[in-house]
Number of protein chains: 2
Amino acid sequence: MSDVLDIAKKAKNASIKALKLSSDIKNSALESIANALEENKETIVCANKLDLFNAQKMLDKKEITQAAFNRLKLDENKLRDMIQGVKDAIKLEDPVNKILWEKNIADGITLKKVTCPIGVIGVIFEARPDVISQISTLAIKSSNAVILKGGTEAVETNKTIFNIINKVLKETEGFPENMINLIFSRDDVKTMLELDEYINLIIPRGSNSLVKYIKANTKIPVLGHADGICHIYIDESADIEKTLKVCIDAKCQYPSACNSVETILIHKNAVGKIFEPLTQELIKNNVTVKADKELHNILNFVQLAEDDDWKKEYGEKIVSVKQVNSTEEAIEHINKYGSGHTDCIMTEDDYNADKFMTYVDSAGVYKNTSTRFADGFRYGFGAEVGISTNKTHARGPVGLEGLTIYKYKLYGNGDIVSDFTSGKRKFNK
Amino acid sequence: MSDVLDIAKKAKNASIKALKLSSDIKNSALESIANALEENKETIVCANKLDLFNAQKMLDKKEITQAAFNRLKLDENKLRDMIQGVKDAIKLEDPVNKILWEKNIADGITLKKVTCPIGVIGVIFEARPDVISQISTLAIKSSNAVILKGGTEAVETNKTIFNIINKVLKETEGFPENMINLIFSRDDVKTMLELDEYINLIIPRGSNSLVKYIKANTKIPVLGHADGICHIYIDESADIEKTLKVCIDAKCQYPSACNSVETILIHKNAVGKIFEPLTQELIKNNVTVKADKELHNILNFVQLAEDDDWKKEYGEKIVSVKQVNSTEEAIEHINKYGSGHTDCIMTEDDYNADKFMTYVDSAGVYKNTSTRFADGFRYGFGAEVGISTNKTHARGPVGLEGLTIYKYKLYGNGDIVSDFTSGKRKFNK
């Protein structure tokens, strides 16, 4: 308990010192980190091999999944991408100290709305050890302190990368101590979630169950999403060729991604032209199709969907398919069963597209485009903190901006409110 | 329980329908509300008299404070201001459906970041019955559904205003039902705080203890502030005349406001020139001065401050005064004891001003200006939802913008991610 509390207090102090970090110092630190990671590649690979050796035993005992084991591996390509990620951040605009808005609220009184870091960010992630470098980079760039908790399977890799980064930061003149922190145990996480006095934002990166656990157990704002139940609605005017292309991409390009499609809704008037070719194309791509009663009656060789299929994030090559009577019914289904992540309409009708994109209450609403585009890099943010289904602060793919808030700076010269309430002075319109 | 749940579900449905509300419908509804309130002034005053009659008994039994009793009263002036508030909102820019950002992320694929309402807002307020009209107005203007819980002392006034508003909305063509809702009991609040599936944001308007209770008992994001412990730091270069003016305004202009000053910090080198005239001026204005040991040694007729005076929001004509050795010590004191609301430096030194305004981690950091300026109307927002000390979503005085979030709309023509990962197509820089 006291350890994490102590780390959180120190991180809070560091975050105050970081309020004046210049872009130059931050970028110079990032450059040195990229170089240090490059120079220590072999050590990182060795640490990762040790983790993989231990994880193999867990895999054999089925304590971890093959997918988790795969994510743990830091090969040459992943390591190169990881280092490139640090370098790329140098080129991004500094998100801090930007004047968002400025106004002379009265003669001689100037108000400025200026971006600043949020403070201390807690990040809880699972197997992927490249997250530690990615999040440290984003934290440095946005002048936030960060407390990282990685998966225990990746402990050696995490520690090695963490130590490389912190050695550089210690040697970077003007960079506050205790900005990047690493904690290890599950108990530490529990404590961390209680420290709302010191930690301003929690970002969970991992499975639905991890995110749900965190959301249920903290008063600290959580930026992220639990489920990614994305839909494609095929309108009656949909173009067949485009629809097949988009559906296959959205399901098959990377089925375990949160922005992959899980349910396809088909307008009853589009079923005739589209259901059979779509099913054939899906099956050709090894996708299991689960259809509702109406559609199952048409092609009874596909599986029959059950009621809770509409609430499932399969995360693999399975898709549920349902007939709807109208765009309204599609919207209602999505708002009821969806996760507010990303949903698409395939249509050649602008009126229906507008209706769908207005009334579907999701972070991303798409027209004729694969749901797989929901991604900070594809949106052009240059970085991604995570994808949020929140209705406050940040929604959808979140870039560096999501790690900032603002403060108001007011400049006067002995100005008092009484002069305005008495009518002696007037605010500008 | 079931009542509030039912109200919340209906409000959620209403909030979806409201996603397409035009500015015209909203403004026409607001105009009719202003007229209806005007026409029913007498009824409102009668209802208020009934509440005052009942509250008098509570006051006699000391179940409510004189201040609460005063806030309950809706006189001619307050009623006029209340109606003017509705009219003023008509002129404000519609905060919804604004394109914040737009980009062709690749040839033929357009991404738009568009503002939209948050959904369902829960507002919990105490005695002041004009809040019901104010919040309904802001909710209508921003297309949010709202669930209001007012103080039980104001039940008749609240019900009357609520019924007038809802009668108008029912008669406004195209306006969804169940957008404005009123609940009554403390138990209802308890239930409301649990309904994070339906309610997206809670705004408490009232005492510290109300806000603290709410923050401690809900997983729904809360927009607001518990304490308002504001500081003025008098730097060694401070101008005496300006300093006296600003300190008196910040303490005396409206002592119970959250943006009134509670603690004044004086640089040791400014004590000689400023402490005595400041104290005299404060005492002349009936302010009780509580000084730390050093300052008490100089003027021992003032009260001696105790340790927990630095954590107190007096809310009346009391101020604590403390000597500090440096700007750094002032910053440290404020970040430790302050509430992150609004803090001011009196100085003629730009370097110290910049240091103070960078390192003080508050929603508002002021130079040579009364803390009483921290207000949405004074900032020129035309409306104020509340003042937030949060580090996410909205900070400081919050205008209509704070009741909105955004969604991403992506327009394509059968575009798929595979074409980009395969290198066939490229994203725009």
# chains A, B, ... in the order shown; residues from 1 in each chain; ligands from 1

call {"tool": "select_by_dssp", "arguments": {"residues": "segment 243-344 of chain A", "states": "strand (DSSP E)", "output": "PyMOL selection string"}}
result
chain A and resi 261-267+288-291+303-304+318-324+342-344

call {"tool": "residues_around", "arguments": {"residues": "Trp101 of chain B", "least_positions_apart": "3", "cutoff": "8 Å", "atoms": "only C-alpha atoms", "output": "PyMOL selection string"}}
result
chain B and resi 112-114

call {"tool": "closest_atom_pairs", "arguments": {"of": "chain B", "to": "chain A", "cutoff": "7 Å", "atoms": "only C-alpha atoms", "output": "JSON lines"}}
result
{"residue": "B:Ile16", "atom": "CA", "partner": "A:Tyr359", "partner_atom": "CA", "distance": 6.3}
{"residue": "B:Leu19", "atom": "CA", "partner": "A:Tyr359", "partner_atom": "CA", "distance": 6.2}
{"residue": "B:Lys20", "atom": "CA", "partner": "A:Thr358", "partner_atom": "CA", "distance": 6.6}
{"residue": "B:Ile105", "atom": "CA", "partner": "A:Tyr379", "partner_atom": "CA", "distance": 6.3}
{"residue": "B:Ile118", "atom": "CA", "partner": "A:Lys391", "partner_atom": "CA", "distance": 5.7}
{"residue": "B:Asn200", "atom": "CA", "partner": "A:Lys391", "partner_atom": "CA", "distance": 6.6}
{"residue": "B:Lys219", "atom": "CA", "partner": "A:Lys219", "partner_atom": "CA", "distance": 6.5}
{"residue": "B:Lys242", "atom": "CA", "partner": "A:Gly414", "partner_atom": "CA", "distance": 4.5}
{"residue": "B:Thr243", "atom": "CA", "partner": "A:Gly414", "partner_atom": "CA", "distance": 6.8}
{"residue": "B:Lys245", "atom": "CA", "partner": "A:Gly414", "partner_atom": "CA", "distance": 6.9}
{"residue": "B:Val246", "atom": "CA", "partner": "A:Ile416", "partner_atom": "CA", "distance": 5.8}
{"residue": "B:Asp249", "atom": "CA", "partner": "A:Ile416", "partner_atom": "CA", "distance": 5.9}
{"residue": "B:Gln253", "atom": "CA", "partner": "A:Ser418", "partner_atom": "CA", "distance": 6.5}
{"residue": "B:Thr358", "atom": "CA", "partner": "A:Leu19", "partner_atom": "CA", "distance": 6.4}
{"residue": "B:Tyr359", "atom": "CA", "partner": "A:Leu19", "partner_atom": "CA", "distance": 6.1}
{"residue": "B:Ser362", "atom": "CA", "partner": "A:Lys407", "partner_atom": "CA", "distance": 6.9}
{"residue": "B:Ala363", "atom": "CA", "partner": "A:Lys407", "partner_atom": "CA", "distance": 4.8}
{"residue": "B:Gly364", "atom": "CA", "partner": "A:Tyr408", "partner_atom": "CA", "distance": 4.7}
{"residue": "B:Val365", "atom": "CA", "partner": "A:Lys409", "partner_atom": "CA", "distance": 5.0}
{"residue": "B:Tyr366", "atom": "CA", "partner": "A:Leu410", "partner_atom": "CA", "distance": 4.6}
{"residue": "B:Lys367", "atom": "CA", "partner": "A:Tyr411", "partner_atom": "CA", "distance": 4.9}
{"residue": "B:Asn368", "atom": "CA", "partner": "A:Gly414", "partner_atom": "CA", "distance": 4.9}
{"residue": "B:Thr369", "atom": "CA", "partner": "A:Asp415", "partner_atom": "CA", "distance": 5.0}
{"residue": "B:Ser370", "atom": "CA", "partner": "A:Ile416", "partner_atom": "CA", "distance": 5.3}
{"residue": "B:Arg372", "atom": "CA", "partner": "A:Val417", "partner_atom": "CA", "distance": 6.3}
{"residue": "B:Phe373", "atom": "CA", "partner": "A:Val417", "partner_atom": "CA", "distance": 6.4}
{"residue": "B:Tyr379", "atom": "CA", "partner": "A:Ile105", "partner_atom": "CA", "distance": 6.3}
{"residue": "B:Gly380", "atom": "CA", "partner": "A:Ile105", "partner_atom": "CA", "distance": 6.7}
{"residue": "B:Lys391", "atom": "CA", "partner": "A:Ile118", "partner_atom": "CA", "distance": 5.7}
{"residue": "B:Thr392", "atom": "CA", "partner": "A:His393", "partner_atom": "CA", "distance": 5.7}
{"residue": "B:His393", "atom": "CA", "partner": "A:His393", "partner_atom": "CA", "distance": 3.6}
{"residue": "B:Arg395", "atom": "CA", "partner": "A:Tyr406", "partner_atom": "CA", "distance": 6.8}
{"residue": "B:Ile405", "atom": "CA", "partner": "A:Thr392", "partner_atom": "CA", "distance": 6.1}
{"residue": "B:Tyr406", "atom": "CA", "partner": "A:Arg395", "partner_atom": "CA", "distance": 6.9}
{"residue": "B:Lys407", "atom": "CA", "partner": "A:Ala363", "partner_atom": "CA", "distance": 4.8}
{"residue": "B:Tyr408", "atom": "CA", "partner": "A:Gly364", "partner_atom": "CA", "distance": 4.7}
{"residue": "B:Lys409", "atom": "CA", "partner": "A:Val365", "partner_atom": "CA", "distance": 5.1}
{"residue": "B:Leu410", "atom": "CA", "partner": "A:Tyr366", "partner_atom": "CA", "distance": 4.7}
{"residue": "B:Tyr411", "atom": "CA", "partner": "A:Lys367", "partner_atom": "CA", "distance": 4.9}
{"residue": "B:Gly412", "atom": "CA", "partner": "A:Thr369", "partner_atom": "CA", "distance": 5.2}
{"residue": "B:Asn413", "atom": "CA", "partner": "A:Asn368", "partner_atom": "CA", "distance": 5.1}
{"residue": "B:Gly414", "atom": "CA", "partner": "A:Lys242", "partner_atom": "CA", "distance": 4.5}
{"residue": "B:Asp415", "atom": "CA", "partner": "A:Thr369", "partner_atom": "CA", "distance": 5.0}
{"residue": "B:Ile416", "atom": "CA", "partner": "A:Ser370", "partner_atom": "CA", "distance": 5.3}
{"residue": "B:Val417", "atom": "CA", "partner": "A:Arg372", "partner_atom": "CA", "distance": 6.3}
{"residue": "B:Ser418", "atom": "CA", "partner": "A:Gln253", "partner_atom": "CA", "distance": 6.5}

call {"tool": "select_by_dssp", "arguments": {"residues": "segment 79-236 of chain A", "states": "alpha helix (DSSP H)", "output": "PyMOL selection string"}}
result
chain A and resi 79-91+130-141+155-171+186-194+208-216

call {"tool": "residues_around", "arguments": {"residues": "Tyr213 of chain B", "least_positions_apart": "3", "cutoff": "12 Å", "atoms": "only C-alpha atoms", "output": "number ranges by chain"}}
result
B: 124, 189-190, 193, 204, 206-210, 216-218, 222, 225-226

call {"tool": "write_last_selection", "arguments": {"atoms": "N, CA and C atoms", "output": "PDB file, in the first residue's frame"}}
result
ATOM      1  N   ILE B 124     -28.702  18.125  -9.566  1.00  0.00           N
ATOM      2  CA  ILE B 124     -29.188  18.085  -8.186  1.00  0.00           C
ATOM      3  C   ILE B 124     -28.879  19.429  -7.550  1.00  0.00           C
ATOM      4  N   VAL B 189     -32.671  10.516  -5.445  1.00  0.00           N
ATOM      5  CA  VAL B 189     -31.302  10.911  -5.762  1.00  0.00           C
ATOM      6  C   VAL B 189     -30.383   9.710  -5.659  1.00  0.00           C
ATOM      7  N   LYS B 190     -30.561   8.946  -4.598  1.00  0.00           N
ATOM      8  CA  LYS B 190     -29.743   7.758  -4.386  1.00  0.00           C
ATOM      9  C   LYS B 190     -29.838   6.827  -5.606  1.00  0.00           C
ATOM     10  N   LEU B 193     -28.130   8.264  -8.798  1.00  0.00           N
ATOM     11  CA  LEU B 193     -26.672   8.178  -8.833  1.00  0.00           C
ATOM     12  C   LEU B 193     -26.176   6.793  -9.267  1.00  0.00           C
ATOM     13  N   PRO B 204     -24.021  18.816  -9.727  1.00  0.00           N
ATOM     14  CA  PRO B 204     -24.576  19.232  -8.430  1.00  0.00           C
ATOM     15  C   PRO B 204     -24.438  20.745  -8.284  1.00  0.00           C
ATOM     16  N   GLY B 206     -24.895  23.249  -5.319  1.00  0.00           N
ATOM     17  CA  GLY B 206     -25.284  23.481  -3.932  1.00  0.00           C
ATOM     18  C   GLY B 206     -24.092  23.464  -3.008  1.00  0.00           C
ATOM     19  N   SER B 207     -24.332  23.108  -1.764  1.00  0.00           N
ATOM     20  CA  SER B 207     -23.310  23.190  -0.726  1.00  0.00           C
ATOM     21  C   SER B 207     -22.166  22.206  -0.971  1.00  0.00           C
ATOM     22  N   ASN B 208     -21.033  22.476  -0.335  1.00  0.00           N
ATOM     23  CA  ASN B 208     -19.898  21.556  -0.387  1.00  0.00           C
ATOM     24  C   ASN B 208     -20.316  20.141  -0.035  1.00  0.00           C
ATOM     25  N   SER B 209     -21.125  20.033   1.028  1.00  0.00           N
ATOM     26  CA  SER B 209     -21.436  18.691   1.518  1.00  0.00           C
ATOM     27  C   SER B 209     -22.285  17.947   0.490  1.00  0.00           C
ATOM     28  N   LEU B 210     -23.177  18.653  -0.196  1.00  0.00           N
ATOM     29  CA  LEU B 210     -23.963  18.013  -1.255  1.00  0.00           C
ATOM     30  C   LEU B 210     -23.036  17.484  -2.354  1.00  0.00           C
ATOM     31  N   ALA B 216     -18.869  11.111  -3.963  1.00  0.00           N
ATOM     32  CA  ALA B 216     -18.486   9.874  -3.274  1.00  0.00           C
ATOM     33  C   ALA B 216     -19.446   8.733  -3.576  1.00  0.00           C
ATOM     34  N   ASN B 217     -20.586   9.029  -4.193  1.00  0.00           N
ATOM     35  CA  ASN B 217     -21.614   7.996  -4.322  1.00  0.00           C
ATOM     36  C   ASN B 217     -22.091   7.721  -5.739  1.00  0.00           C
ATOM     37  N   THR B 218     -21.255   8.006  -6.732  1.00  0.00           N
ATOM     38  CA  THR B 218     -21.681   7.692  -8.093  1.00  0.00           C
ATOM     39  C   THR B 218     -20.499   7.371  -8.990  1.00  0.00           C
ATOM     40  N   VAL B 222     -19.036  13.610 -12.645  1.00  0.00           N
ATOM     41  CA  VAL B 222     -19.650  14.739 -11.939  1.00  0.00           C
ATOM     42  C   VAL B 222     -18.952  16.024 -12.384  1.00  0.00           C
ATOM     43  N   HIS B 225     -17.666  21.542  -8.421  1.00  0.00           N
ATOM     44  CA  HIS B 225     -16.579  21.723  -7.474  1.00  0.00           C
ATOM     45  C   HIS B 225     -17.167  21.614  -6.077  1.00  0.00           C
ATOM     46  N   ALA B 226     -16.389  21.001  -5.177  1.00  0.00           N
ATOM     47  CA  ALA B 226     -16.843  20.958  -3.792  1.00  0.00           C
ATOM     48  C   ALA B 226     -16.410  22.256  -3.130  1.00  0.00           C
TER      49      ALA B 226
END

call {"tool": "atom_distance", "arguments": {"atom1": "atom CA of Ile298 of chain A", "atom2": "atom CA of His267 of chain A"}}
result
14.5 Å

call {"tool": "residues_around", "arguments": {"residues": "segment 305-320 of chain B", "least_positions_apart": "6", "cutoff": "12 Å", "atoms": "only C-alpha atoms", "output": "PyMOL selection string"}}
result
chain B and resi 67+207-208+226-233+247-266+278-279+282-297+333-339+341

call {"tool": "write_last_selection", "arguments": {"atoms": "C-alpha atoms", "output": "short mmCIF file (atom, residue, chain, number, x, y, z; two decimals), in the first residue's frame"}}
result
data_model
loop_
_atom_site.label_atom_id
_atom_site.label_comp_id
_atom_site.auth_asym_id
_atom_site.auth_seq_id
_atom_site.Cartn_x
_atom_site.Cartn_y
_atom_site.Cartn_z
CA ALA B 67 -29.36 31.90 4.00
CA SER B 207 -23.31 23.19 -0.73
CA ASN B 208 -19.90 21.56 -0.39
CA ALA B 226 -16.84 20.96 -3.79
CA ASP B 227 -14.65 23.60 -2.21
CA GLY B 228 -13.79 27.08 -3.38
CA ILE B 229 -10.66 27.89 -1.41
CA CYS B 230 -9.23 30.77 -3.44
CA HIS B 231 -5.98 32.58 -2.72
CA ILE B 232 -4.38 35.91 -3.39
CA TYR B 233 -0.60 35.94 -3.24
CA CYS B 247 -8.28 42.03 -1.86
CA ILE B 248 -11.32 43.95 -0.62
CA ASP B 249 -13.29 43.13 -3.77
CA ALA B 250 -12.29 39.46 -3.67
CA LYS B 251 -13.34 39.10 -0.02
CA CYS B 252 -16.24 41.54 0.40
CA GLN B 253 -18.06 41.91 -2.90
CA TYR B 254 -19.99 38.65 -2.29
CA PRO B 255 -18.36 36.67 0.53
CA SER B 256 -20.48 33.53 0.16
CA ALA B 257 -19.50 33.02 -3.50
CA CYS B 258 -17.17 30.13 -4.30
CA ASN B 259 -14.73 32.50 -6.04
CA SER B 260 -14.26 34.75 -3.00
CA VAL B 261 -10.79 34.78 -1.50
CA GLU B 262 -10.22 32.79 1.71
CA THR B 263 -6.47 33.07 2.22
CA ILE B 264 -4.06 35.90 1.44
CA LEU B 265 -0.35 35.04 1.26
CA ILE B 266 2.15 37.88 1.64
CA LEU B 278 -4.48 45.74 4.26
CA THR B 279 -5.56 44.70 7.74
CA LEU B 282 -10.25 44.60 5.85
CA ILE B 283 -11.35 45.50 9.37
CA LYS B 284 -12.99 48.69 8.06
CA ASN B 285 -15.02 46.37 5.81
CA ASN B 286 -16.02 44.20 8.81
CA VAL B 287 -13.72 41.35 7.84
CA THR B 288 -12.28 39.15 10.60
CA VAL B 289 -8.57 38.65 10.00
CA LYS B 290 -6.82 35.45 11.10
CA ALA B 291 -3.05 35.73 10.85
CA ASP B 292 -0.25 33.17 11.12
CA LYS B 293 2.32 33.48 13.90
CA GLU B 294 4.72 35.81 12.03
CA LEU B 295 2.02 38.27 11.08
CA HIS B 296 0.26 37.97 14.42
CA ASN B 297 3.51 39.09 16.05
CA HIS B 333 0.90 26.39 -0.23
CA ILE B 334 -1.80 26.93 -2.85
CA ASN B 335 -1.27 23.56 -4.55
CA LYS B 336 -1.41 21.90 -1.11
CA TYR B 337 -4.34 23.68 0.55
CA GLY B 338 -6.23 25.17 -2.40
CA SER B 339 -9.14 23.60 -4.18
CA HIS B 341 -10.57 26.83 -8.25
#

call {"tool": "residues_around", "arguments": {"residues": "Ile180 of chain A", "least_positions_apart": "6", "cutoff": "7 Å", "atoms": "only C-alpha atoms", "output": "ChimeraX atom specification"}}
result
/A:136,145-147

call {"tool": "closest_residue", "arguments": {"among": "A:Val4, A:Val211, A:Leu72, A:Ile234", "to": "Ile331 of chain A", "atoms": "only C-alpha atoms"}}
result
A:Ile234

call {"tool": "atom_distance", "arguments": {"atom1": "atom CA of Met82 of chain B", "atom2": "atom CA of Ser133 of chain B"}}
result
7.0 Å

call {"tool": "atom_distance", "arguments": {"atom1": "atom CA of Ile7 of chain B", "atom2": "atom CA of Ser388 of chain B"}}
result
26.8 Å

call {"tool": "residues_around", "arguments": {"residues": "Thr43 of chain A", "least_positions_apart": "2", "cutoff": "12 Å", "atoms": "only C-alpha atoms", "output": "ChimeraX atom specification"}}
result
/A:36-41,45-50,74,79,156-161,163-164

call {"tool": "residues_around", "arguments": {"residues": "Asn35 of chain B", "least_positions_apart": "6", "cutoff": "12 Å", "atoms": "only C-alpha atoms", "output": "list of chain:residue names"}}
result
B:Ser28, B:Ala29, B:Lys41, B:Arg80, B:Met82, B:Ile83, B:Gln84, B:Val86, B:Lys87, B:Ile164, B:Ile165, B:Val168
